[in-house]
Structures are given as C-alpha cells and as structure tokens.
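Structure file work.cif with mmCIF, C-alpha atoms:
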```cif
data_structure
#
loop_
_atom_site.label_atom_id
_atom_site.label_comp_id
_atom_site.auth_asym_id
_atom_site.auth_seq_id
_atom_site.Cartn_x
_atom_site.Cartn_y
_atom_site.Cartn_z
CA MET S 438 -56.99 39.13 18.34
CA SER S 439 -58.02 35.61 17.43
CA LYS S 440 -58.80 32.74 19.79
CA LYS S 441 -55.53 31.07 18.76
CA GLN S 442 -53.54 34.23 19.50
CA ILE S 443 -55.15 34.59 22.93
CA LEU S 444 -54.47 30.92 23.73
CA ASP S 445 -50.85 31.44 22.65
CA GLU S 446 -50.57 34.50 24.93
CA PHE S 447 -51.91 32.53 27.90
CA ARG S 448 -50.17 29.22 27.15
CA LEU S 449 -48.17 29.44 30.41
CA PHE S 450 -51.43 29.50 32.41
CA THR S 451 -53.30 26.88 30.36
CA LEU S 452 -52.70 23.69 32.30
CA GLY S 453 -55.55 21.53 31.03
CA THR S 454 -56.65 20.87 34.61
CA ASP S 455 -59.66 21.76 36.69
CA GLY S 456 -59.65 25.23 38.19
CA ILE S 457 -58.12 28.39 36.80
CA GLY S 458 -55.55 26.33 34.88
CA GLY S 459 -58.35 25.01 32.69
CA TRP S 460 -60.26 28.26 32.23
CA LEU S 461 -58.75 29.13 28.84
CA GLY S 462 -58.49 26.30 26.39
CA PRO S 463 -59.74 25.10 23.02
CA GLY S 464 -63.16 24.27 24.49
CA THR S 465 -63.68 27.61 26.27
CA ASP S 466 -66.89 29.43 25.35
CA GLY S 467 -66.31 31.74 22.37
CA ARG S 468 -67.85 34.68 24.26
CA VAL S 469 -64.83 34.64 26.59
CA PHE S 470 -62.43 35.11 23.68
CA HIS S 471 -64.64 37.76 22.10
CA ARG S 472 -64.60 39.81 25.31
CA LEU S 473 -60.89 39.30 25.91
CA ASP S 474 -60.25 40.52 22.39
CA GLY S 475 -62.03 43.74 23.38
CA ALA S 476 -59.91 44.22 26.53
CA TYR S 477 -57.69 46.64 24.60
CA LYS S 478 -60.64 48.93 23.88
CA ASP S 479 -62.70 48.50 27.05
CA SER S 480 -61.27 47.78 30.48
CA LEU S 481 -62.23 44.53 32.18
CA ALA S 482 -63.74 45.13 35.62
CA LYS S 483 -63.81 42.45 38.33
CA VAL S 484 -67.51 41.82 37.72
CA GLN S 485 -66.85 41.22 34.03
CA LEU S 486 -63.89 38.95 34.79
CA ASN S 487 -66.14 36.93 37.09
CA GLN S 488 -68.72 36.62 34.31
CA LEU S 489 -66.02 35.31 31.97
CA LEU S 490 -64.85 32.88 34.63
CA ALA S 491 -68.45 31.68 35.01
CA PHE S 492 -68.65 31.00 31.25
CA GLY S 493 -65.63 28.76 31.80
CA HIS S 494 -67.24 27.07 34.82
CA GLU S 495 -64.70 28.60 37.22
CA ALA S 496 -65.17 30.21 40.62
CA PRO S 497 -65.36 33.99 40.86
CA VAL S 498 -62.57 36.06 42.39
CA SER S 499 -63.05 38.26 45.44
CA ASP S 500 -62.40 42.00 45.62
CA VAL S 501 -59.19 41.39 47.57
CA PHE S 502 -57.95 38.75 45.10
CA PHE S 503 -58.65 41.07 42.16
CA LEU S 504 -56.89 43.99 43.87
CA TYR S 505 -53.87 41.89 44.86
CA TYR S 506 -53.25 40.23 41.51
CA TRP S 507 -54.18 42.98 39.05
CA LEU S 508 -54.26 46.38 40.73
CA SER S 509 -51.32 46.45 43.15
CA ALA S 510 -47.59 45.82 43.44
CA PRO S 511 -46.99 45.30 47.17
CA ASN S 512 -43.48 44.71 48.46
CA LEU S 513 -44.64 41.68 50.47
CA ARG S 514 -45.18 39.44 47.43
CA PRO S 515 -42.93 36.42 47.03
CA TYR S 516 -41.88 37.84 43.64
CA ASP S 517 -41.41 41.34 42.26
CA VAL S 518 -44.47 41.93 40.09
CA LYS S 519 -42.65 44.76 38.34
CA LEU S 520 -40.37 42.13 36.76
CA VAL S 521 -43.29 40.40 35.05
CA PRO S 522 -42.88 40.77 31.26
CA ASP S 523 -44.85 43.71 29.84
CA PHE S 524 -45.50 45.16 33.32
CA ASP S 525 -46.91 48.70 33.14
CA GLU S 526 -46.78 50.93 36.22
CA ARG S 527 -50.19 52.41 35.29
CA TRP S 528 -51.84 49.08 36.14
CA VAL S 529 -51.38 49.64 39.88
CA SER S 530 -53.33 52.89 39.79
CA SER S 531 -56.20 51.53 37.70
CA THR S 532 -59.56 50.16 38.79
CA ALA S 533 -59.83 47.48 36.11
CA ILE S 534 -57.75 45.24 33.85
CA LYS S 535 -56.59 47.41 30.94
CA SER S 536 -55.35 44.87 28.39
CA LEU S 537 -54.51 41.23 27.77
CA PRO S 538 -50.91 41.72 28.97
CA HIS S 539 -52.40 43.19 32.15
CA LEU S 540 -54.66 40.16 32.61
CA ARG S 541 -51.77 37.77 31.88
#
```
Output the file's structure as structure tokens, nothing else.
Amino acid sequence: MSKKQILDEFRLFTLGTDGIGGWLGPGTDGRVFHRLDGAYKDSLAKVQLNQLLAFGHEAPVSDVFFLYYWLSAPNLRPYDVKLVPDFDERWVSSTAIKSLPHLR
C-alpha cells in the first residue's frame, strides 16, 4: 500500500495539529509508511507502534492505552467499538495490531 493510500485510509485522524492528530501526514518519516504497509503481513506490537510514533515525534502509548484502544471491546466505552467500520471480532483476542483497518 502506498503512502497516499495509507494517508487516505487515515484521513479522518489526520488533523494537521500537534499530537496524535499530526502523526500521519505528508511530512511523516517514510519508515512509518513502510512499516504500516507491512502490517498486513506482520502484526504491529505496542513496542513497534511506539517506535513509529517516535519517528513522528509523538509520545508513546502505555500498555493500558494499547489494550483499551486496540485489543478490547469493553461495554463501558462511550461508543460501541463493534460498530466501527471493518471491525473484526478477532482483534479483541489478539496481542498486537493485525492490519491497517485494525490500527484505524
């Protein structure tokens, strides 16, 4: 998947601001896009996600943050994560991000 395709996939989360909203953009280090392109073949562990965030000059995520946003579907969320487009039930039993839709 090309850099343009990845940026298109994450357009909703690309805010052009400081923080996570500015992590993926036209100026993001090419190594981030190269690794995200490989997310379909090789899972993306929290440590690897934090390395990619560091390439984009963003703060790392904690274990709890990673678990909450990518590896669980608790009933106490303010929204039903299972209604997120492309949701796959297998994500909540995994130990890493399995694909770009999973990351998104």
Contact residues around region 479-487 of chain S with all atoms listed in the file at 8 Å, ignoring same-chain residues under 3 positions, as a list in words: Gly475, Ala476, Leu490, Ala491, Ala496, Pro497, Val498, Asp500, Phe503, Thr532, Ala533, Ile534, Lys535 and Ser536 of chain S
For Arg541 (chain S), which residue out of S:Leu504, S:Leu489, S:Val521, S:Leu513 is the nearest one, using only C-alpha atoms?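 Checking each candidate against Arg541 (chain S), we get S:Val521 as the closest.
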What does the distance from CA of His539 (chain S) to CA of Asp445 (chain S) come to in Å, to one decimal? 15.2 Å
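Of the residues under consideration (S:Pro522, S:Glu495, S:Val529, S:Tyr477), S:Val529 shows the shortest atom-to-atom contact distance to Ala510 (chain S) when counting all atoms listed in the file.
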Please expand the PyMOL selection byres ((chain S and resi 493) around 10) into the concrete residues it hits in this file, giving the result as a ChimeraX atom specification. /S:456-457,459-462,464-469,487-492,494-496
For this file, the PyMOL selection byres ((chain S and resi 474) around 8) selects which residues, as a PyMOL selection string? chain S and resi 438-439+443+470-473+475-477+537
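Rounded to one decimal, CA of Leu508 (chain S) and CA of Glu446 (chain S) lie 20.1 Å from each other.
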One-decimal distance in Å that lies between CA of Val501 (chain S) and CA of Leu449 (chain S): 23.6 Å
Shell around Phe524 (chain S) at 8 Å using all atoms listed in the file, local window under 5 positions removed, as a list in words: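 Result of the neighbour search: Val518, Lys519, Pro538 and His539 of chain S.
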I'd like to know which of S:Pro463, S:Ser530, S:Tyr506, S:Pro515 is closest to Gln442 (chain S), using only C-alpha atoms.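 Closest to Gln442 (chain S), using only C-alpha atoms: S:Pro463.
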Please rebuild region 496-509 of chain S with N, CA and C atoms and give the result as a PDB file, in the coordinates of the input.
```
ATOM      1  N   ALA S 496     -64.712  29.413  39.481  1.00  0.00           N
ATOM      2  CA  ALA S 496     -65.170  30.210  40.620  1.00  0.00           C
ATOM      3  C   ALA S 496     -64.826  31.683  40.417  1.00  0.00           C
ATOM      4  N   PRO S 497     -65.649  32.563  40.955  1.00  0.00           N
ATOM      5  CA  PRO S 497     -65.360  33.990  40.860  1.00  0.00           C
ATOM      6  C   PRO S 497     -64.211  34.380  41.791  1.00  0.00           C
ATOM      7  N   VAL S 498     -63.624  35.545  41.519  1.00  0.00           N
ATOM      8  CA  VAL S 498     -62.570  36.060  42.390  1.00  0.00           C
ATOM      9  C   VAL S 498     -63.172  37.122  43.314  1.00  0.00           C
ATOM     10  N   SER S 499     -62.584  37.268  44.481  1.00  0.00           N
ATOM     11  CA  SER S 499     -63.050  38.260  45.440  1.00  0.00           C
ATOM     12  C   SER S 499     -62.441  39.623  45.121  1.00  0.00           C
ATOM     13  N   ASP S 500     -62.955  40.650  45.776  1.00  0.00           N
ATOM     14  CA  ASP S 500     -62.400  42.000  45.620  1.00  0.00           C
ATOM     15  C   ASP S 500     -60.926  42.021  45.981  1.00  0.00           C
ATOM     16  N   VAL S 501     -60.571  41.381  47.090  1.00  0.00           N
ATOM     17  CA  VAL S 501     -59.190  41.390  47.570  1.00  0.00           C
ATOM     18  C   VAL S 501     -58.277  40.640  46.591  1.00  0.00           C
ATOM     19  N   PHE S 502     -58.731  39.511  46.081  1.00  0.00           N
ATOM     20  CA  PHE S 502     -57.950  38.750  45.100  1.00  0.00           C
ATOM     21  C   PHE S 502     -57.700  39.591  43.857  1.00  0.00           C
ATOM     22  N   PHE S 503     -58.753  40.230  43.352  1.00  0.00           N
ATOM     23  CA  PHE S 503     -58.650  41.070  42.160  1.00  0.00           C
ATOM     24  C   PHE S 503     -57.666  42.217  42.406  1.00  0.00           C
ATOM     25  N   LEU S 504     -57.785  42.875  43.523  1.00  0.00           N
ATOM     26  CA  LEU S 504     -56.890  43.990  43.870  1.00  0.00           C
ATOM     27  C   LEU S 504     -55.446  43.503  43.961  1.00  0.00           C
ATOM     28  N   TYR S 505     -55.225  42.400  44.638  1.00  0.00           N
ATOM     29  CA  TYR S 505     -53.870  41.890  44.860  1.00  0.00           C
ATOM     30  C   TYR S 505     -53.185  41.508  43.547  1.00  0.00           C
ATOM     31  N   TYR S 506     -53.892  40.766  42.708  1.00  0.00           N
ATOM     32  CA  TYR S 506     -53.250  40.230  41.510  1.00  0.00           C
ATOM     33  C   TYR S 506     -53.245  41.164  40.307  1.00  0.00           C
ATOM     34  N   TRP S 507     -54.126  42.135  40.241  1.00  0.00           N
ATOM     35  CA  TRP S 507     -54.180  42.980  39.050  1.00  0.00           C
ATOM     36  C   TRP S 507     -54.032  44.479  39.304  1.00  0.00           C
ATOM     37  N   LEU S 508     -54.238  44.935  40.526  1.00  0.00           N
ATOM     38  CA  LEU S 508     -54.260  46.380  40.730  1.00  0.00           C
ATOM     39  C   LEU S 508     -53.262  46.854  41.779  1.00  0.00           C
ATOM     40  N   SER S 509     -52.287  46.037  42.142  1.00  0.00           N
ATOM     41  CA  SER S 509     -51.320  46.450  43.150  1.00  0.00           C
ATOM     42  C   SER S 509     -49.959  45.807  42.894  1.00  0.00           C
TER      43      SER S 509
END
```
